[in-house]
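What's in upload35.tsv: TSV, C-alpha atoms and all ligand atoms
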```tsv
chain	number	residue	atom	x	y	z
X	1437	MET	CA	10.93	-10.16	14.56
X	1438	ALA	CA	9.01	-7.51	12.67
X	1439	LEU	CA	7.79	-8.30	9.19
X	1440	GLN	CA	10.34	-7.20	6.63
X	1441	LEU	CA	10.41	-6.39	2.94
X	1442	GLY	CA	10.54	-9.63	0.94
X	1443	ASP	CA	8.75	-11.68	3.63
X	1444	ILE	CA	5.58	-13.51	2.63
X	1445	ALA	CA	2.61	-11.62	4.07
X	1446	PRO	CA	1.10	-13.90	6.73
X	1447	ASP	CA	-2.20	-15.50	5.78
X	1448	PHE	CA	-5.19	-15.26	8.14
X	1449	SER	CA	-8.94	-15.72	8.26
X	1450	ALA	CA	-11.11	-12.84	9.43
X	1451	GLU	CA	-14.61	-11.38	9.50
X	1452	THR	CA	-14.99	-8.29	7.32
X	1453	THR	CA	-17.69	-5.87	6.25
X	1454	GLN	CA	-17.92	-7.95	3.06
X	1455	GLY	CA	-18.14	-11.33	4.82
X	1456	PRO	CA	-15.53	-13.81	6.04
X	1457	ILE	CA	-12.24	-13.98	4.13
X	1458	GLN	CA	-9.07	-16.02	3.97
X	1459	PHE	CA	-6.57	-13.28	3.16
X	1460	HIS	CA	-4.48	-14.97	0.46
X	1461	GLU	CA	-7.57	-16.43	-1.20
X	1462	TRP	CA	-9.31	-13.03	-1.15
X	1463	LYS	CA	-6.25	-11.30	-2.55
X	1464	GLU	CA	-5.64	-13.84	-5.33
X	1465	ASP	CA	-2.92	-12.68	-7.71
X	1466	SER	CA	-3.49	-8.97	-7.31
X	1467	TRP	CA	-1.49	-6.43	-5.33
X	1468	ALA	CA	-2.90	-5.44	-1.95
X	1469	VAL	CA	-2.80	-2.27	0.11
X	1470	PHE	CA	-3.44	-3.58	3.62
X	1471	PHE	CA	-3.70	-0.80	6.18
X	1472	SER	CA	-4.68	-0.35	9.80
X	1473	HIS	CA	-6.41	2.62	11.38
X	1474	PRO	CA	-6.62	3.26	15.13
X	1475	LYS	CA	-10.36	3.47	15.69
X	1476	ASP	CA	-13.77	3.77	14.09
X	1477	PHE	CA	-15.76	7.01	14.46
X	1478	THR	CA	-12.60	9.15	14.63
X	1479	PRO	CA	-11.92	12.11	12.36
X	1480	VAL	CA	-8.59	11.33	10.68
X	1481	CYS	CA	-9.61	7.72	10.00
X	1482	THR	CA	-12.88	8.91	8.47
X	1483	THR	CA	-10.96	11.04	5.94
X	1484	GLU	CA	-8.43	8.28	5.19
X	1485	LEU	CA	-10.98	5.55	4.53
X	1486	GLY	CA	-13.13	7.96	2.52
X	1487	TYR	CA	-10.19	8.99	0.34
X	1488	THR	CA	-9.17	5.36	-0.17
X	1489	ALA	CA	-12.69	4.63	-1.41
X	1490	THR	CA	-12.44	7.45	-3.97
X	1491	LEU	CA	-9.28	5.78	-5.36
X	1492	SER	CA	-11.07	2.57	-6.30
X	1493	GLU	CA	-10.70	3.11	-10.07
X	1494	GLU	CA	-7.01	4.00	-9.64
X	1495	PHE	CA	-6.50	0.80	-7.64
X	1496	SER	CA	-8.38	-1.34	-10.18
X	1497	ALA	CA	-6.33	0.09	-13.04
X	1498	ARG	CA	-3.20	-1.13	-11.23
X	1499	ASN	CA	-4.63	-4.55	-10.21
X	1500	VAL	CA	-4.64	-3.49	-6.54
X	1501	LYS	CA	-7.15	-4.44	-3.83
X	1502	ALA	CA	-7.50	-2.30	-0.69
X	1503	ILE	CA	-8.36	-3.74	2.71
X	1504	ALA	CA	-8.42	-2.05	6.13
X	1505	VAL	CA	-8.35	-3.31	9.71
X	1506	SER	CA	-8.89	-1.94	13.20
X	1507	VAL	CA	-9.61	-3.50	16.57
X	1508	ASP	CA	-13.30	-2.54	16.27
X	1509	SER	CA	-16.03	-5.03	15.39
X	1510	VAL	CA	-17.61	-5.52	11.96
X	1511	THR	CA	-20.86	-4.20	13.47
X	1512	ASP	CA	-19.08	-0.95	14.41
X	1513	HIS	CA	-17.43	-0.72	11.00
X	1514	ASN	CA	-20.80	-1.13	9.30
X	1515	SER	CA	-22.34	1.69	11.36
X	1516	TRP	CA	-19.35	3.94	10.71
X	1517	ILE	CA	-19.34	3.31	6.93
X	1518	GLY	CA	-22.55	5.38	6.69
X	1519	ASP	CA	-20.73	8.36	8.22
X	1520	ILE	CA	-17.71	7.91	5.93
X	1521	GLU	CA	-19.91	7.78	2.85
X	1522	GLU	CA	-22.00	10.78	3.88
X	1523	THR	CA	-19.17	13.04	5.01
X	1524	GLN	CA	-16.59	12.09	2.34
X	1525	SER	CA	-19.11	11.77	-0.55
X	1526	THR	CA	-18.05	8.30	-1.59
X	1527	THR	CA	-18.98	4.62	-1.42
X	1528	VAL	CA	-16.81	2.36	0.71
X	1529	ASN	CA	-16.24	-0.50	-1.69
X	1530	PHE	CA	-13.39	-2.37	0.02
X	1531	PRO	CA	-13.58	-4.69	3.05
X	1532	ILE	CA	-12.78	-3.55	6.59
X	1533	ILE	CA	-11.65	-6.35	8.89
X	1534	GLY	CA	-13.22	-6.58	12.36
X	1535	ASP	CA	-10.46	-7.50	14.77
X	1536	PRO	CA	-11.70	-6.97	18.35
X	1537	GLU	CA	-9.51	-9.85	19.54
X	1538	ARG	CA	-6.49	-8.24	17.82
X	1539	LYS	CA	-5.51	-11.45	16.05
X	1540	VAL	CA	-4.70	-9.77	12.73
X	1541	ALA	CA	-3.26	-6.66	14.38
X	1542	SER	CA	-0.90	-8.86	16.42
X	1543	LEU	CA	0.07	-11.00	13.43
X	1544	TYR	CA	1.14	-7.87	11.52
X	1545	GLU	CA	2.52	-6.09	14.61
X	1546	MET	CA	0.18	-3.15	14.14
X	1547	ILE	CA	-0.04	-2.44	17.88
X	1548	HIS	CA	2.99	-0.52	19.14
X	1549	PRO	CA	2.56	-0.55	22.93
X	1550	GLN	CA	4.83	2.42	23.59
X	1551	ALA	CA	2.59	4.51	21.34
X	1552	ASP	CA	-0.74	3.00	22.42
X	1553	ASP	CA	-1.19	-0.39	24.03
X	1554	THR	CA	-4.70	-1.05	22.74
X	1555	LEU	CA	-5.20	0.65	19.36
X	1556	THR	CA	-3.50	-0.08	16.05
X	1557	VAL	CA	-1.10	2.54	14.69
X	1558	ARG	CA	-1.44	3.63	11.06
X	1559	SER	CA	0.41	0.80	9.31
X	1560	VAL	CA	0.50	0.16	5.57
X	1561	PHE	CA	1.67	-3.02	3.89
X	1562	ILE	CA	1.90	-3.13	0.11
X	1563	ILE	CA	1.88	-6.78	-0.93
X	1564	ASP	CA	2.63	-7.98	-4.44
X	1565	PRO	CA	0.92	-10.67	-6.56
X	1566	ASN	CA	3.31	-13.30	-5.11
X	1567	ASN	CA	2.23	-12.30	-1.59
X	1568	LYS	CA	5.59	-10.69	-0.84
X	1569	ILE	CA	5.68	-7.61	1.35
X	1570	ARG	CA	7.10	-4.83	-0.84
X	1571	LEU	CA	6.61	-1.76	1.36
X	1572	THR	CA	5.82	-0.99	4.99
X	1573	LEU	CA	4.87	2.37	6.47
X	1574	THR	CA	4.04	3.29	10.06
X	1575	TYR	CA	2.43	6.61	10.95
X	1576	PRO	CA	1.25	7.93	14.30
X	1577	ALA	CA	-2.46	8.17	15.06
X	1578	SER	CA	-2.54	11.95	14.75
X	1579	THR	CA	-1.16	12.07	11.18
X	1580	GLY	CA	-3.25	11.00	8.23
X	1581	ARG	CA	-1.34	9.18	5.52
X	1582	ASN	CA	-0.86	10.33	1.93
X	1583	PHE	CA	-2.64	7.73	-0.21
X	1584	ASP	CA	-1.47	9.48	-3.40
X	1585	GLU	CA	2.04	8.51	-2.28
X	1586	ILE	CA	0.91	4.91	-1.94
X	1587	LEU	CA	-0.32	4.96	-5.55
X	1588	ARG	CA	2.96	6.60	-6.63
X	1589	VAL	CA	5.01	3.85	-4.99
X	1590	ILE	CA	2.89	1.16	-6.65
X	1591	ASP	CA	3.49	2.84	-10.02
X	1592	SER	CA	7.22	2.82	-9.34
X	1593	MET	CA	7.27	-0.83	-8.21
X	1594	GLN	CA	5.23	-2.00	-11.18
X	1595	LEU	CA	7.48	-0.08	-13.59
X	1596	THR	CA	10.75	-1.23	-12.00
X	1597	ASP	CA	9.55	-4.85	-11.83
X	1598	ALA	CA	8.98	-4.82	-15.58
X	1599	ASN	CA	12.00	-2.75	-16.70
X	1600	LYS	CA	15.66	-2.41	-15.71
X	1601	VAL	CA	15.11	1.02	-14.23
X	1602	ALA	CA	14.78	2.78	-10.88
X	1603	THR	CA	12.82	5.94	-10.13
X	1604	PRO	CA	14.42	9.12	-8.75
X	1605	VAL	CA	13.36	11.39	-5.92
X	1606	ASN	CA	9.75	12.60	-6.13
X	1607	TRP	CA	9.27	10.72	-9.41
X	1608	LYS	CA	5.77	10.55	-10.82
X	1609	GLN	CA	4.27	8.31	-13.51
X	1610	GLY	CA	5.47	9.40	-16.96
X	1611	GLU	CA	8.59	11.22	-15.79
X	1612	ASP	CA	12.19	10.31	-16.66
X	1613	VAL	CA	13.75	7.29	-14.92
X	1614	ILE	CA	17.20	6.03	-13.96
X	1615	ILE	CA	18.83	3.14	-15.81
X	1616	SER	CA	19.61	0.33	-13.40
X	1617	PRO	CA	23.25	0.66	-12.21
X	1618	SER	CA	23.61	-3.12	-12.66
X	1619	LEU	CA	23.48	-2.70	-16.46
X	1620	SER	CA	26.71	-2.16	-18.41
X	1621	SER	CA	26.73	0.54	-21.10
X	1622	GLU	CA	26.48	-2.18	-23.76
X	1623	GLU	CA	23.45	-3.76	-22.10
X	1624	ALA	CA	21.87	-0.34	-21.56
X	1625	ALA	CA	22.36	0.53	-25.25
X	1626	GLU	CA	20.36	-2.56	-26.23
X	1627	LEU	CA	17.54	-1.88	-23.82
X	1628	PHE	CA	17.43	1.89	-24.26
X	1629	PRO	CA	18.21	2.53	-27.95
X	1630	ASN	CA	17.07	6.15	-27.67
X	1631	GLY	CA	19.97	6.75	-25.31
X	1632	TRP	CA	20.34	8.52	-21.98
X	1633	ASP	CA	21.84	11.52	-20.28
X	1634	GLU	CA	24.96	10.32	-18.45
X	1635	VAL	CA	25.22	12.69	-15.48
X	1636	ARG	CA	27.69	10.31	-13.87
X	1637	PRO	CA	28.54	6.73	-14.97
X	1638	TYR	CA	26.25	5.52	-12.17
X	1639	LEU	CA	23.52	8.15	-12.85
X	1640	ARG	CA	22.02	7.63	-16.30
X	1641	ILE	CA	18.69	9.35	-16.96
X	1642	THR	CA	16.40	8.09	-19.70
X	1643	LYS	CA	12.80	8.58	-20.83
X	1644	HIS	CA	10.01	6.62	-19.16
X	1645	PRO	CA	10.05	3.25	-20.97
D	1	LIG	C1	-8.35	9.95	14.28
D	1	LIG	O1	-8.55	9.13	13.41
D	1	LIG	O2	-8.73	11.12	14.18
D	1	LIG	C2	-7.59	9.58	15.50
D	1	LIG	C3	-7.66	8.26	15.98
D	1	LIG	C4	-6.97	7.92	17.13
D	1	LIG	C5	-6.22	8.87	17.79
D	1	LIG	C6	-6.12	10.17	17.28
D	1	LIG	C7	-6.82	10.52	16.14
```

Please express the file's structure as structure tokens.
Ligand code: BEZ
Amino acid sequence: MALQLGDIAPDFSAETTQGPIQFHEWKEDSWAVFFSHPKDFTPVCTTELGYTATLSEEFSARNVKAIAVSVDSVTDHNSWIGDIEETQSTTVNFPIIGDPERKVASLYEMIHPQADDTLTVRSVFIIDPNNKIRLTLTYPASTGRNFDEILRVIDSMQLTDANKVATPVNWKQGEDVIISPSLSSEEAAELFPNGWDEVRPYLRITKHP
């Protein structure tokens, strides 16, 4: 069965561009953005990995580590990193797993044979400090992902983990939030003393906590 939200992200050992890792040990108690790309030396992947590298300060500020995987070797990844850095004007500062035997790709079901029976699709797993899978995304090879959206989702999850709120459509950090429907009005009044806009009893908008 496919990995689902709430499952523990499977642990594995692998070779990476930053040396061998045991995934859970490498991740420690941070969040992780674990993503696959179809192939080294391809255009969309070059832009995705380059952009991810430029987000390193944004990831650090949120206690997030990025890690990529494809079915290419670490030797290939290391040659390709030079191209990514030169063409995307960045430094690739996160590990890329070499997985020519497809062990990690199979463990995370990143190969979808009806799409391509050899290459990984564009999967994303966001994994929390307790190693729980909190988000999965799957994109086709021809469509680059939106890594700003990945940061936005992490902001929402970190906010909603710490507060009894949910975030509305297209929400961005700092914008108004929704009071959790599980809270009674009395409980909400204690937690949100500045009040809320009650659009419906189940739709209560309040300021970002
Ligand atoms: C790319 O990254 O550009 C790409 C990789 C595999 C198939 C299609 C596009």

Hey, which of X:Thr1490, X:Ala1577, X:Asn1566, X:Val1528 ends up closest to ligand LIG 1 (chain D)? Count all atoms listed in the file.
X:Ala1577

Which residues, written as number ranges by chain, have at least one atom at most 9 Å from Asp1535 (chain X), with only C-alpha atoms counted and residues fewer than 5 positions away on the same chain left out?
X: 1450-1452, 1505-1510, 1540-1541

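Considering the residues X:Glu1545, X:Asp1519, X:Asp1553, X:Glu1484 and counting all atoms listed in the file, Gln1440 (chain X) has its shortest atom-to-atom contact with X:Glu1545.
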
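Taking all atoms listed in the file into account, ligand LIG 1 (chain D) lies nearest to X:Val1557 out of the set X:Val1613, X:Val1557, X:Val1605, X:Met1593.
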
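Taking only C-alpha atoms and all ligand atoms into account, ligand LIG 1 (chain D) has within 9 Å the residues X:His1473, X:Pro1474, X:Lys1475, X:Asp1476, X:Phe1477, X:Thr1478, X:Pro1479, X:Val1480, X:Cys1481, X:Thr1482, X:Thr1483, X:Glu1484, X:Leu1555, X:Thr1556, X:Val1557, X:Pro1576, X:Ala1577, X:Ser1578, X:Thr1579, X:Gly1580.
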
Selected residues written out, C-alpha atoms, as a PDB file, in the frame of the given file:
```
ATOM      1  CA  HIS X1473      -6.410   2.620  11.380  1.00  0.00           C
ATOM      2  CA  PRO X1474      -6.620   3.260  15.130  1.00  0.00           C
ATOM      3  CA  LYS X1475     -10.360   3.470  15.690  1.00  0.00           C
ATOM      4  CA  ASP X1476     -13.770   3.770  14.090  1.00  0.00           C
ATOM      5  CA  PHE X1477     -15.760   7.010  14.460  1.00  0.00           C
ATOM      6  CA  THR X1478     -12.600   9.150  14.630  1.00  0.00           C
ATOM      7  CA  PRO X1479     -11.920  12.110  12.360  1.00  0.00           C
ATOM      8  CA  VAL X1480      -8.590  11.330  10.680  1.00  0.00           C
ATOM      9  CA  CYS X1481      -9.610   7.720  10.000  1.00  0.00           C
ATOM     10  CA  THR X1482     -12.880   8.910   8.470  1.00  0.00           C
ATOM     11  CA  THR X1483     -10.960  11.040   5.940  1.00  0.00           C
ATOM     12  CA  GLU X1484      -8.430   8.280   5.190  1.00  0.00           C
ATOM     13  CA  LEU X1555      -5.200   0.650  19.360  1.00  0.00           C
ATOM     14  CA  THR X1556      -3.500  -0.080  16.050  1.00  0.00           C
ATOM     15  CA  VAL X1557      -1.100   2.540  14.690  1.00  0.00           C
ATOM     16  CA  PRO X1576       1.250   7.930  14.300  1.00  0.00           C
ATOM     17  CA  ALA X1577      -2.460   8.170  15.060  1.00  0.00           C
ATOM     18  CA  SER X1578      -2.540  11.950  14.750  1.00  0.00           C
ATOM     19  CA  THR X1579      -1.160  12.070  11.180  1.00  0.00           C
ATOM     20  CA  GLY X1580      -3.250  11.000   8.230  1.00  0.00           C
TER      21      GLY X1580
END
```

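Using only C-alpha atoms, the nearest neighbour of Ser1592 (chain X) within the list X:Ile1569, X:Glu1461, X:Gln1454, X:Arg1498 is X:Arg1498.
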
So which residues are close to (4.4, 2.0, 10.9), meaning at most 9 Å away in the file's coordinates with only C-alpha atoms counted, and can you show them as a ChimeraX atom specification?
/X:1546,1548,1557-1560,1572-1576

With C-alpha atoms retained, write the just-selected residues as a compact mmCIF listing (two decimals), in the frame of the given file.
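The resulting result26.txt:
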```txt
# COMPACT_ATOMS: atom_id res chain seq x y z
CA MET X 1546 0.18 -3.15 14.14
CA HIS X 1548 2.99 -0.52 19.14
CA VAL X 1557 -1.10 2.54 14.69
CA ARG X 1558 -1.44 3.63 11.06
CA SER X 1559 0.41 0.80 9.31
CA VAL X 1560 0.50 0.16 5.57
CA THR X 1572 5.82 -0.99 4.99
CA LEU X 1573 4.87 2.37 6.47
CA THR X 1574 4.04 3.29 10.06
CA TYR X 1575 2.43 6.61 10.95
CA PRO X 1576 1.25 7.93 14.30
```

From the options X:Asp1465, X:Met1437, X:Ala1602, X:Glu1522, which residue's atoms come nearest to Lys1568 (chain X), counting only C-alpha atoms?
X:Asp1465

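For the choices X:Gln1609, X:Thr1453, X:Gln1594, X:Ser1496, the atom-to-atom distance to Ser1515 (chain X) is smallest for X:Thr1453 when using only C-alpha atoms.
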
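The spacing separating CA of Pro1565 (chain X) from CA of Thr1603 (chain X) amounts to 20.7 Å.
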
Neighbour list for Pro1604 (chain X) as an MDAnalysis selection string, cut-off 12 Å, all atoms listed in the file, skip fewer than 5 positions in-chain:
chainID X and resid 1588:1589 1592 1596 1609 1611:1616 1639:1642 1644

Could you add whatever atoms are missing so that region 1583-1594 of chain X carries all heavy atoms, then write the result as a short mmCIF file (atom, residue, chain, number, x, y, z; two decimals), keeping the file's coordinate frame?
```
data_model
loop_
_atom_site.label_atom_id
_atom_site.label_comp_id
_atom_site.auth_asym_id
_atom_site.auth_seq_id
_atom_site.Cartn_x
_atom_site.Cartn_y
_atom_site.Cartn_z
N PHE X 1583 -2.34 8.90 0.63
CA PHE X 1583 -2.64 7.73 -0.21
C PHE X 1583 -2.25 7.97 -1.68
O PHE X 1583 -2.12 7.02 -2.44
CB PHE X 1583 -4.11 7.31 -0.05
CG PHE X 1583 -4.31 6.52 1.23
CD1 PHE X 1583 -4.37 7.14 2.47
CD2 PHE X 1583 -4.37 5.13 1.19
CE1 PHE X 1583 -4.51 6.41 3.64
CE2 PHE X 1583 -4.51 4.38 2.36
CZ PHE X 1583 -4.58 5.02 3.59
N ASP X 1584 -2.03 9.24 -2.06
CA ASP X 1584 -1.47 9.48 -3.40
C ASP X 1584 -0.04 8.95 -3.46
O ASP X 1584 0.41 8.46 -4.49
CB ASP X 1584 -1.48 10.98 -3.72
CG ASP X 1584 -2.89 11.51 -3.87
OD1 ASP X 1584 -3.79 10.72 -4.22
OD2 ASP X 1584 -3.10 12.71 -3.60
N GLU X 1585 0.68 9.05 -2.35
CA GLU X 1585 2.04 8.51 -2.28
C GLU X 1585 2.02 6.98 -2.42
O GLU X 1585 2.89 6.38 -3.06
CB GLU X 1585 2.72 8.95 -0.97
CG GLU X 1585 4.01 8.22 -0.60
CD GLU X 1585 5.17 8.43 -1.58
OE1 GLU X 1585 5.02 9.19 -2.55
OE2 GLU X 1585 6.23 7.81 -1.37
N ILE X 1586 1.01 6.37 -1.84
CA ILE X 1586 0.91 4.91 -1.94
C ILE X 1586 0.71 4.50 -3.40
O ILE X 1586 1.36 3.58 -3.90
CB ILE X 1586 -0.20 4.41 -1.00
CG1 ILE X 1586 0.31 4.57 0.45
CG2 ILE X 1586 -0.59 2.96 -1.28
CD1 ILE X 1586 -0.73 4.46 1.51
N LEU X 1587 -0.13 5.25 -4.12
CA LEU X 1587 -0.32 4.96 -5.55
C LEU X 1587 0.99 5.20 -6.32
O LEU X 1587 1.35 4.42 -7.20
CB LEU X 1587 -1.36 5.92 -6.15
CG LEU X 1587 -2.82 5.56 -6.02
CD1 LEU X 1587 -3.64 6.59 -6.78
CD2 LEU X 1587 -3.12 4.16 -6.54
N ARG X 1588 1.69 6.27 -5.95
CA ARG X 1588 2.96 6.60 -6.63
C ARG X 1588 3.98 5.48 -6.46
O ARG X 1588 4.67 5.09 -7.40
CB ARG X 1588 3.51 7.92 -6.05
CG ARG X 1588 4.68 8.51 -6.81
CD ARG X 1588 5.33 9.63 -6.01
NE ARG X 1588 6.12 9.09 -4.90
CZ ARG X 1588 7.38 8.70 -5.01
NH1 ARG X 1588 8.03 8.82 -6.15
NH2 ARG X 1588 8.02 8.19 -3.96
N VAL X 1589 4.05 4.93 -5.24
CA VAL X 1589 5.01 3.85 -4.99
C VAL X 1589 4.62 2.60 -5.79
O VAL X 1589 5.49 1.91 -6.34
CB VAL X 1589 5.06 3.53 -3.48
CG1 VAL X 1589 5.96 2.34 -3.22
CG2 VAL X 1589 5.55 4.71 -2.69
N ILE X 1590 3.33 2.33 -5.87
CA ILE X 1590 2.89 1.16 -6.65
C ILE X 1590 3.27 1.37 -8.12
O ILE X 1590 3.77 0.45 -8.77
CB ILE X 1590 1.37 0.93 -6.47
CG1 ILE X 1590 1.09 0.46 -5.04
CG2 ILE X 1590 0.85 -0.08 -7.50
CD1 ILE X 1590 -0.37 0.47 -4.65
N ASP X 1591 3.08 2.57 -8.63
CA ASP X 1591 3.49 2.84 -10.02
C ASP X 1591 4.98 2.57 -10.20
O ASP X 1591 5.40 1.97 -11.18
CB ASP X 1591 3.20 4.31 -10.39
CG ASP X 1591 1.72 4.54 -10.67
OD1 ASP X 1591 0.99 3.56 -10.91
OD2 ASP X 1591 1.30 5.71 -10.63
N SER X 1592 5.77 3.02 -9.24
CA SER X 1592 7.22 2.82 -9.34
C SER X 1592 7.55 1.32 -9.29
O SER X 1592 8.34 0.82 -10.10
CB SER X 1592 7.94 3.55 -8.20
OG SER X 1592 9.30 3.18 -8.19
N MET X 1593 6.94 0.60 -8.35
CA MET X 1593 7.27 -0.83 -8.21
C MET X 1593 6.85 -1.61 -9.45
O MET X 1593 7.57 -2.50 -9.91
CB MET X 1593 6.63 -1.40 -6.94
CG MET X 1593 7.26 -0.82 -5.69
SD MET X 1593 6.82 -1.67 -4.18
CE MET X 1593 5.14 -1.22 -4.01
N GLN X 1594 5.68 -1.27 -10.00
CA GLN X 1594 5.23 -2.00 -11.18
C GLN X 1594 6.13 -1.70 -12.38
O GLN X 1594 6.45 -2.59 -13.18
CB GLN X 1594 3.75 -1.68 -11.47
CG GLN X 1594 2.84 -2.24 -10.35
CD GLN X 1594 1.36 -2.08 -10.60
OE1 GLN X 1594 0.93 -1.31 -11.47
NE2 GLN X 1594 0.55 -2.81 -9.84
#
```
